[in-house]
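So the structure is just underneath, and the comments pick up after that.
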Amino acid sequence: MSKVQLFVTCLVDLFRPEAGIAAVQVLERAGVTVEFPEAQTCCGQFSYNAGFKPEAAALARHWVATFESTEGPIVALSGSCAAMVIHSYPALLAEDAQERGEPEAAAARWRERAAAVAQRVWEWSQWVRDHVPPLAGPKPAPGPVVACHLGCHMRRLLKETQAPRAVLEDRGVAVREPVHAEECCGFGGTYSMTEPVVSTALADAKLTALDALRAEGAVCLTGADLGCLLHLEGRWRRRGVTFPVRYLAEVVDAAETGHWQDFSPPSAPLSPPRSQARS
Amino acid sequence: MTGTLPQDPRPWPTRREAALKNATMRRTVGEVTRRLAEGRRRALADYPEGQVKLQRAQVAKRQAVARWQTLWSELQAAVTAHGGTPHFAATAAEAVALVRQIARQYAVRRVIKSKSMVTEELELTQALAQDGIVVLETDLGEYIIQLAGEKPSHILGPAIHRNRAQIAELFREDAAQHGLLPPSSDAYEALTEYARRRLREEFLAADMGITGGNFLVAETGTLVLITNEGNADMTTTLPRVLVSVVGLEKLVATWDDLLDIVQQPALSGVGRRLSTYTTLVHGPRGPGVAEGPEAWHLILLDNGRSALHGTPYEEVLTCLRCAACLNVCPVFRQVGGHAYGSVYSGPIGIVETPLLTDFRILPELPSALCTVCHACAEACPMAIDLPAHIIRLRQEKVRRKLVPTAHRWSIRQWAAQWRTPAGYRRTIRWARLAQRWYRRGDRLEGAPGMAAGWFQSRSMPPVASPTFREWWAARPESAGRALR
Amino acid sequence: MTPTVAEFLARWEAAGGVGWYVGPDERLGDRLAEAWQRWVPSDEDAVAALWLPEELDRPERLLPWIAAVRAVRWEPGQDPTAYRQAAAAAAMGVTGALAAVAETGSVLLALGPTTPLLPSLLPPIHVAVIPTDRVVATLSEAFHRLYRAAAAAGWPPVAKFVTGPSMTADIEGQLVVGVHGPRVAVAIVCEEPLA
Ligand code: SF4
């Protein structure tokens with residue numbers, strides 16, 4: 001049976017464990033063995049995009065050390081964090097080693113280590129699409145409609161726009177993207193904190209586009225990057241809108257179990273871990 | 001040597017607020033940039049030959065930028081052979097002095113200009129006005145902003161921040177001042193007709209024309225101008241003196257290189273295979289010719305460009321000013337060009353402005369006007385890795401201590417703690433304690449330090465109990481499978 | 001009509017121009033008259049600024065238009081200022097062209113002692129007349145044609161590829177034709193008459 005290493009990301013761990021739990025449930029239901037390297041913390045993208053290179057490199061070294069001792073595919077619960085590891089780590093770690101005065105060979109070694117581990121990284125829906133068939137049995141009748149926002153790094157660095165839609169549609173969920181779907185929602189990591197005004201103007205533009213999908217009866221907003229989702233949800237909540245916002249795996253899990261009633265407001269206490277429903 | 005660029009004296013928050021309050025500007029900029037971006041996508045989709053040429057053009061431009069000095073020698077020889085006069089200006093001040101001197105030499109009283117970003121960089125119009133010379137912008141958009149006393153807000157559409165009614169008002173005042181019939185209505189055609197009528201006399205009366213340039217071909221001594229209105233053609237053929245001021249990054253080596261690259265500004269900028277006018281200037285008119293300048297002066301401008309030579313930023317100089325990156329930039333769509341405060345706006349502007357001036361002006365640009373969404377990198381025909389340069393510039397800002405101390409401190413603490421699992425767990429404990437102050441019902445509504453910015457406009461869920469890792473550790477079936 | 005000519009005319013029209021074809025048994029003068037009638041406001045004093053390649057510049061080909069219209073021509077030795085004023089006052093400019101490009105829908109014009117550019121720029125209507133054998137498939141061929149011509153006779157002070165009428169989108173991004181250059185741009189591809 002296949003085995004994966006779960007990279008939950010700091011945001012899922014801290015602010016939306018339901019997303020990680022759902023990701024585990026879906027995988028385990030399909031007979032996949034999920035391992036969780038508990039030393040993992042954060043990929044360092046926040047620091048990297050803000051220009052804090054040594055700080056980002058410190059986190060990147062820890063991430064590489066944590067995951068390189070494991071085996072099998074690494075499945076990330078964020079397109080953006082996956083892209084960070086795949087696209088930025090090799091050069092970042094090599095340059096950082098040089099800048100810290102390590103010899104050329106050591107820098108080259110870091111580049112290789114980073115590239116080797118990066119090769120194993122998948123964004124969750126990419127791996128699920130290719131390795132987890134939908135549950136047996138008849139496809140559910142025309143299911144609920146969800147609004148989907150894909151993060152920019154998923155779209156442009158991983159060049160992945162189809163996997164989230166595919167895993168949802170395979171399970172009878174209808175997916176709608178807002179107009180101008182390719183436009184950034186304004187999250188941008190620390191940008192959301194250091195430049196909140198422009199960040200919010202962008203969020204408002206995205207929320208306006210999403211309103212059309214709410215009007216069409218979408219049951220929630222979903223996506224493959226929790227950063228974007230927290231930013232959009234946070235903006236909605238501040239504006240008094242309590243429209244449900246769910247990470248992709250939560251929607252897939254609901255589609256597989258039929259437990260759409262779990263789509264409660266984010267405040268609800270965690271439901272107890274479900275028993276493993278391997279059919 | 002570093003260059004100088006003009007700058008809007010208003011601080012960023014003021015520029016930003018002015019932009020976000022300007023609903024007309026935001027609507028127009030949004031519509032125009034989306035239309036141009038869509039045009040680009042469509043034009044490229046049905047033109048595979050364009051892609052093939054583009055790949056060669058990317059290589060040719062990078063090579064040209066790397067050996068610009070050699071190409072400049074070749075170009076000087078070719079231009080001189082055609083009867084033109086080449087000059088080199090290391091700084092903006094030198095370029096301005098050269099143009100003023102040329103204007104004096106030919107006793108110039110009236111100047112017409114076709115659109116040029118470089119002359120915006122030099123603030124040439126203002127400098128010539130000091131000598132009592134009347135300078136008129138002739139590109140419609142540039143003419144509008146000249147009347148309004150503004151700077152361009154977009155490379156291709158300098159006046160896209162103004163609506164029709166505002167423009168009609170400017171034209172009516174202008175007509176009154178010059179004793180001309182005002183535009184017959186506020187219709188697009190009527191406004192355009194007014195500009196044609198108003199500027200036609202100026203074209204015929206001008207002594208000197210000033211242009212920029214899209215490309216300079218070293219082999220053939222060709223200056224290439226790409227326009228749509230016809231004003232550059234008037235500027236290069238009607239006045240008796242022609243001055244072209246061109247950045248040194250516009251050099252290309254050969255006629256064949258030009259062939260590969262000449263369509264790219266139109267393809268990427270407006271989604272056409274060629275703009276209306278692709279004008280190739282080689283020199284002053286010969287005997288027996290009815291038009292064309294009697295003298296042509298070509299000024300090659302450095303102004304901070306050659307300092308990028310041999311740095312990781314060198315490829316930035318391959319920019320075509322096609323504006324594709326502006327047209328897809330989400331931040332540009334929100335705030336428009338003026339908010340940048342520099343003549344160069346959009347993704348390329350936030351890279352070039354600090355680079356050309358060595359961060360002496362507008363150091364906020366790389367940080368405040370980019371979400372690192374990578375749309376610009378995807379759009380740029382020259383494959384300039386704009387997001388990578390933006391991140392590199394942010395790193396440079398951290399090194400030069402151009403970011404607030406509080407941010408530096410927050411990020412350092414964050415990284416220092418999270419580089420170990422124990423530190424990570426420690427911060428969770430701290431956060432759980434601290435969030436008691438900020439919790440309102442099921443949401444956090446505030447935070448200290450850098451994170452406070454988030455809560456100006458958004459709420460957050462609190463740190464969960466349990467976190468995912470706590471849930472995992474407590475889960476019976478995890479036992480024995482967790483890797484430690 | 002060859003596919004290359006057809007593609008040129010189609011792309012020229014896509015760029016906002018008007019593209020016509022004059023077959024071997026048709027008269028260029030009829031189409032010029034048609035253009036004149038269609039776009040020049042009726043005015044006794046309206047003049048045209050004109051030059052054409054020698055093979056086309058024959059009264060028998062230009063009738064009936066040439067009989068009805070006064071045409072201003074540039075003669076080397078003439079006063080350039082007077083010519084410029086006349087071209088600016090002309091109601092229509094008619095010129096030949098060095099080449100026409102199917103790939104981009106463009107017309108290539110090069111300034112020379114007998115080939116002024118002002119008739120293509122100053123009047124509100126420009127008609128470019130292109131003999132069929134000057135229509136080339138690719139931009140590359142036109143570039144090389146210009147390069148070879150320059151190698152033989154020196155570079156023209158100014159040459160240009162014109163692709164449709166003068167236009168702008170500077171006011172609210174709305175496309176308007178006829179800013180500083182012509183509002184109507186007509187390309188007539190003209191077949192050589194059978195011997
Ligand atoms: S950076 Fe690239 S996309 Fe932006 S203006 Fe320059 S060439 Fe065009």
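Identifiers for the structure tokens are assigned positionally: chains receive A, B, ... in sequence, residues are indexed from 1 per chain, and ligands are indexed from 1 in the order shown.
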
Show me which residues are within 6 Å of ligand 1 counting only C-alpha atoms and all ligand atoms, and format the list as a PDB file with N, CA and C atoms, in the first residue's frame.
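In the end it all went to pocket_26.pdb:
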ATOM      1  N   CYS B 319      13.971  45.072 -20.922  1.00  0.00           N
ATOM      2  CA  CYS B 319      12.562  45.493 -20.950  1.00  0.00           C
ATOM      3  C   CYS B 319      12.227  46.254 -22.227  1.00  0.00           C
ATOM      4  N   LEU B 320      11.080  45.923 -22.811  1.00  0.00           N
ATOM      5  CA  LEU B 320      10.627  46.572 -24.049  1.00  0.00           C
ATOM      6  C   LEU B 320       9.655  47.704 -23.784  1.00  0.00           C
ATOM      7  N   ARG B 321       9.276  47.907 -22.518  1.00  0.00           N
ATOM      8  CA  ARG B 321       8.223  48.879 -22.184  1.00  0.00           C
ATOM      9  C   ARG B 321       6.922  48.533 -22.887  1.00  0.00           C
ATOM     10  N   CYS B 322       6.616  47.251 -22.932  1.00  0.00           N
ATOM     11  CA  CYS B 322       5.394  46.833 -23.608  1.00  0.00           C
ATOM     12  C   CYS B 322       4.192  46.992 -22.694  1.00  0.00           C
ATOM     13  N   ALA B 323       4.436  47.070 -21.389  1.00  0.00           N
ATOM     14  CA  ALA B 323       3.379  47.247 -20.383  1.00  0.00           C
ATOM     15  C   ALA B 323       2.572  45.991 -20.103  1.00  0.00           C
ATOM     16  N   ALA B 324       2.978  44.855 -20.644  1.00  0.00           N
ATOM     17  CA  ALA B 324       2.232  43.623 -20.345  1.00  0.00           C
ATOM     18  C   ALA B 324       2.209  43.348 -18.845  1.00  0.00           C
ATOM     19  N   CYS B 325       3.319  43.664 -18.171  1.00  0.00           N
ATOM     20  CA  CYS B 325       3.367  43.384 -16.732  1.00  0.00           C
ATOM     21  C   CYS B 325       2.431  44.298 -15.954  1.00  0.00           C
ATOM     22  N   ILE B 348       7.573  46.437 -13.448  1.00  0.00           N
ATOM     23  CA  ILE B 348       8.887  46.853 -13.926  1.00  0.00           C
ATOM     24  C   ILE B 348       9.307  48.144 -13.232  1.00  0.00           C
ATOM     25  N   ALA B 379       3.602  37.087 -17.894  1.00  0.00           N
ATOM     26  CA  ALA B 379       3.240  37.932 -19.038  1.00  0.00           C
ATOM     27  C   ALA B 379       4.448  38.497 -19.777  1.00  0.00           C
ATOM     28  N   CYS B 380       5.573  38.637 -19.099  1.00  0.00           N
ATOM     29  CA  CYS B 380       6.687  39.392 -19.681  1.00  0.00           C
ATOM     30  C   CYS B 380       7.271  38.691 -20.914  1.00  0.00           C
ATOM     31  N   PRO B 381       7.238  39.354 -22.067  1.00  0.00           N
ATOM     32  CA  PRO B 381       7.760  38.720 -23.282  1.00  0.00           C
ATOM     33  C   PRO B 381       9.263  38.503 -23.205  1.00  0.00           C
ATOM     34  N   MET B 382       9.952  39.289 -22.405  1.00  0.00           N
ATOM     35  CA  MET B 382      11.396  39.164 -22.331  1.00  0.00           C
ATOM     36  C   MET B 382      11.829  38.169 -21.260  1.00  0.00           C
ATOM     37  N   ILE B 384      11.724  38.341 -18.170  1.00  0.00           N
ATOM     38  CA  ILE B 384      12.400  38.956 -17.030  1.00  0.00           C
ATOM     39  C   ILE B 384      11.736  38.403 -15.775  1.00  0.00           C
TER      40      ILE B 384
END

Given only C-alpha atoms, how would the per-residue table for chain C near chain B read, listing every residue at most 8 Å away with its closest atom pair and distance in Å to one decimal, sorted by chain and number, as a tab-separated table?
residue	atom	partner	partner_atom	distance
C:Trp74	CA	B:Ala290	CA	7.3
C:Pro76	CA	B:Gly288	CA	4.7
C:Gly77	CA	B:Gly288	CA	5.9
C:Asp79	CA	B:Ala290	CA	7.9
C:Pro80	CA	B:Ala290	CA	4.9
C:Tyr83	CA	B:Ala290	CA	7.3
C:Arg84	CA	B:Ala290	CA	7.6
C:Thr104	CA	B:Arg273	CA	5.6
C:Ser106	CA	B:Leu274	CA	7.9
C:Leu111	CA	B:Val289	CA	7.9
C:Gly112	CA	B:Val289	CA	6.1
C:Pro113	CA	B:Val289	CA	4.6
C:Thr114	CA	B:Val289	CA	7.7
C:Pro116	CA	B:Ala290	CA	6.4
C:Leu117	CA	B:Glu291	CA	7.7
C:Leu118	CA	B:Glu291	CA	7.5
C:Leu121	CA	B:Gly230	CA	7.2
C:Leu139	CA	B:Leu259	CA	7.8
C:Ser140	CA	B:Leu259	CA	6.6
C:Phe143	CA	B:Leu259	CA	7.1
C:Trp155	CA	B:His282	CA	6.5
C:Pro156	CA	B:His282	CA	6.6
C:Pro157	CA	B:His282	CA	4.8
C:Val158	CA	B:Val281	CA	4.6
C:Ala159	CA	B:Leu280	CA	5.1
C:Lys160	CA	B:Thr279	CA	4.3
C:Phe161	CA	B:Thr278	CA	5.1
C:Val162	CA	B:Tyr277	CA	4.9
C:Thr163	CA	B:Thr276	CA	4.4
C:Gly164	CA	B:Thr276	CA	5.8
C:Pro165	CA	B:Thr276	CA	6.8
C:Ser166	CA	B:Glu229	CA	4.7
C:Met167	CA	B:Glu229	CA	5.0
C:Thr168	CA	B:Glu229	CA	5.8
C:Ala169	CA	B:Gly157	CA	7.3
C:Asp170	CA	B:Gly141	CA	5.1
C:Ile171	CA	B:Ile160	CA	6.4
C:Glu172	CA	B:Ile160	CA	5.5
C:Gly173	CA	B:Val32	CA	5.5
C:Gln174	CA	B:Tyr188	CA	7.5
C:Val176	CA	B:Glu189	CA	6.3
C:Gly178	CA	B:Glu229	CA	7.5
C:Val179	CA	B:Glu229	CA	5.5
C:His180	CA	B:Gly230	CA	5.3
C:Gly181	CA	B:Gly230	CA	4.9

Task: Distance filter 6 Å, only C-alpha atoms, chain A against chain B, as a list in words - done: Asp13, Leu14, Phe15, Pro17, Phe36, Pro37, Glu38, Ala39, Asn49, Gly51, Phe52, Glu55, Leu59, His62, Cys152, Gly188, Ser192, Met193, Glu195, Pro196, Gly234, Arg235, Arg238 and Ser267 of chain A

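For the set A:Leu229, A:Trp236, A:Gly143, A:Pro164, the residue with the smallest atom-to-atom gap to A:Gly258 is A:Gly143, counting only C-alpha atoms.
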
- [ ] Based on DSSP run over this structure's backbone, return all residues of stretch 143-371 of chain B in helix (DSSP H, G or I), as number ranges by chain.
- [x] B: 143-148, 164-178, 188-205, 231-237, 248-250, 255-261, 264-269, 306-308, 314-318, 324-328, 330-335, 338-340, 346-357, 365-368

Task: Within 9 Å of A:Val64 using only C-alpha atoms, minus same-chain residues under 4 positions, as a count of residues only - done: 10

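Between atom CA of B:Ile210 and atom CA of B:Val243 lies a distance of 4.9 Å.
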
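Taking only stretch 75-133 of chain C, the residues that DSSP calls strand (DSSP E) from the backbone come to Met92, Gly93, Val94, Thr95, Ala99, Ala100, Val101, Ser106, Val107, Leu108, Leu109, Ala110, Ile125, His126, Val127, Ala128, Val129, Ile130 and Pro131 of chain C.
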
Pull all heavy atoms from the residues just selected and write them as a compact mmCIF listing (two decimals), in the first residue's frame.
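Saved file part-v9.txt follows:
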# COMPACT_ATOMS: atom_id res chain seq x y z
N MET C 92 -7.09 63.86 -49.91
CA MET C 92 -6.76 62.44 -49.96
C MET C 92 -5.31 62.32 -50.43
O MET C 92 -4.87 63.10 -51.27
CB MET C 92 -7.71 61.74 -50.94
CG MET C 92 -7.54 60.24 -51.05
SD MET C 92 -9.01 59.48 -51.83
CE MET C 92 -8.35 59.13 -53.44
N GLY C 93 -4.59 61.38 -49.86
CA GLY C 93 -3.23 61.12 -50.31
C GLY C 93 -3.20 59.78 -51.01
O GLY C 93 -3.79 58.80 -50.51
N VAL C 94 -2.55 59.72 -52.17
CA VAL C 94 -2.43 58.44 -52.88
C VAL C 94 -0.94 58.18 -53.07
O VAL C 94 -0.21 59.04 -53.56
CB VAL C 94 -3.13 58.49 -54.25
CG1 VAL C 94 -3.00 57.14 -54.96
CG2 VAL C 94 -4.59 58.87 -54.09
N THR C 95 -0.49 57.00 -52.63
CA THR C 95 0.93 56.67 -52.78
C THR C 95 1.10 55.25 -53.26
O THR C 95 0.18 54.44 -53.16
CB THR C 95 1.68 56.76 -51.43
OG1 THR C 95 1.24 55.69 -50.59
CG2 THR C 95 1.45 58.08 -50.72
N ALA C 99 6.44 47.63 -50.39
CA ALA C 99 5.96 46.26 -50.22
C ALA C 99 4.69 46.28 -49.38
O ALA C 99 4.38 47.27 -48.73
CB ALA C 99 7.01 45.40 -49.51
N ALA C 100 3.96 45.16 -49.44
CA ALA C 100 2.86 44.94 -48.51
C ALA C 100 3.09 43.57 -47.89
O ALA C 100 3.60 42.66 -48.55
CB ALA C 100 1.52 44.98 -49.23
N VAL C 101 2.75 43.42 -46.60
CA VAL C 101 3.10 42.22 -45.85
C VAL C 101 1.83 41.49 -45.41
O VAL C 101 1.02 42.03 -44.66
CB VAL C 101 3.91 42.59 -44.59
CG1 VAL C 101 4.41 41.33 -43.90
CG2 VAL C 101 5.05 43.52 -44.93
N SER C 106 0.52 44.86 -43.28
CA SER C 106 1.19 46.16 -43.26
C SER C 106 1.63 46.58 -44.65
O SER C 106 1.84 45.75 -45.53
CB SER C 106 2.45 46.10 -42.38
OG SER C 106 2.17 45.51 -41.16
N VAL C 107 1.81 47.90 -44.80
CA VAL C 107 2.33 48.47 -46.03
C VAL C 107 3.65 49.14 -45.70
O VAL C 107 3.75 49.87 -44.71
CB VAL C 107 1.32 49.50 -46.60
CG1 VAL C 107 1.95 50.30 -47.72
CG2 VAL C 107 0.06 48.79 -47.08
N LEU C 108 4.68 48.87 -46.50
CA LEU C 108 6.00 49.46 -46.24
C LEU C 108 6.23 50.65 -47.17
O LEU C 108 6.14 50.51 -48.40
CB LEU C 108 7.08 48.40 -46.45
CG LEU C 108 8.54 48.89 -46.44
CD1 LEU C 108 8.91 49.53 -45.11
CD2 LEU C 108 9.49 47.73 -46.75
N LEU C 109 6.51 51.79 -46.57
CA LEU C 109 6.77 53.01 -47.34
C LEU C 109 8.18 53.48 -47.01
O LEU C 109 8.61 53.39 -45.87
CB LEU C 109 5.79 54.11 -46.95
CG LEU C 109 4.30 53.79 -47.13
CD1 LEU C 109 3.46 54.81 -46.37
CD2 LEU C 109 3.93 53.82 -48.60
N ALA C 110 8.90 53.98 -48.02
CA ALA C 110 10.24 54.50 -47.76
C ALA C 110 10.38 55.87 -48.40
O ALA C 110 10.04 56.04 -49.58
CB ALA C 110 11.29 53.53 -48.30
N ILE C 125 -7.40 60.88 -45.56
CA ILE C 125 -7.56 59.59 -46.24
C ILE C 125 -6.26 59.24 -46.94
O ILE C 125 -5.69 60.08 -47.64
CB ILE C 125 -8.69 59.65 -47.28
CG1 ILE C 125 -10.01 60.01 -46.58
CG2 ILE C 125 -8.85 58.34 -48.03
CD1 ILE C 125 -10.83 60.95 -47.40
N HIS C 126 -5.80 58.02 -46.73
CA HIS C 126 -4.61 57.57 -47.44
C HIS C 126 -4.96 56.34 -48.25
O HIS C 126 -5.55 55.39 -47.72
CB HIS C 126 -3.47 57.24 -46.47
CG HIS C 126 -2.29 56.60 -47.15
ND1 HIS C 126 -1.59 55.56 -46.57
CD2 HIS C 126 -1.70 56.84 -48.34
CE1 HIS C 126 -0.60 55.19 -47.39
NE2 HIS C 126 -0.65 55.94 -48.47
N VAL C 127 -4.62 56.37 -49.54
CA VAL C 127 -4.80 55.19 -50.38
C VAL C 127 -3.41 54.72 -50.81
O VAL C 127 -2.68 55.47 -51.44
CB VAL C 127 -5.65 55.52 -51.63
CG1 VAL C 127 -5.84 54.26 -52.48
CG2 VAL C 127 -6.98 56.12 -51.24
N ALA C 128 -3.05 53.51 -50.40
CA ALA C 128 -1.77 52.94 -50.84
C ALA C 128 -2.06 51.97 -51.98
O ALA C 128 -2.92 51.10 -51.85
CB ALA C 128 -1.11 52.20 -49.68
N VAL C 129 -1.36 52.17 -53.09
CA VAL C 129 -1.57 51.30 -54.25
C VAL C 129 -0.36 50.38 -54.37
O VAL C 129 0.78 50.84 -54.46
CB VAL C 129 -1.76 52.13 -55.53
CG1 VAL C 129 -2.03 51.22 -56.71
CG2 VAL C 129 -2.88 53.14 -55.35
N ILE C 130 -0.62 49.08 -54.34
CA ILE C 130 0.49 48.12 -54.30
C ILE C 130 0.36 47.15 -55.47
O ILE C 130 -0.62 46.41 -55.56
CB ILE C 130 0.45 47.31 -52.99
CG1 ILE C 130 0.38 48.25 -51.78
CG2 ILE C 130 1.65 46.39 -52.87
CD1 ILE C 130 -0.84 48.07 -50.93
N PRO C 131 1.31 47.16 -56.40
CA PRO C 131 1.29 46.15 -57.46
C PRO C 131 1.40 44.75 -56.84
O PRO C 131 2.11 44.57 -55.85
CB PRO C 131 2.53 46.47 -58.29
CG PRO C 131 2.91 47.87 -57.91
CD PRO C 131 2.44 48.07 -56.51

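You will find atom CA of A:Trp63 at 26.6 Å from atom CA of A:Gly31.
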
TODO: Just the residues within 6 Å of stretch 6-23 of chain C, please, counting only C-alpha atoms, with nothing from its chain fewer than 6 positions along; format it as a list in words.
DONE: Ala102, Gly105, Gly164, Pro165, Ala185, Val186, Ala187, Ile188, Val189, Cys190 and Glu191 of chain C

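Atom pair atom CA of C:Asp43 / atom CA of C:Ala89 has a distance of 12.5 Å (rounded to one decimal).
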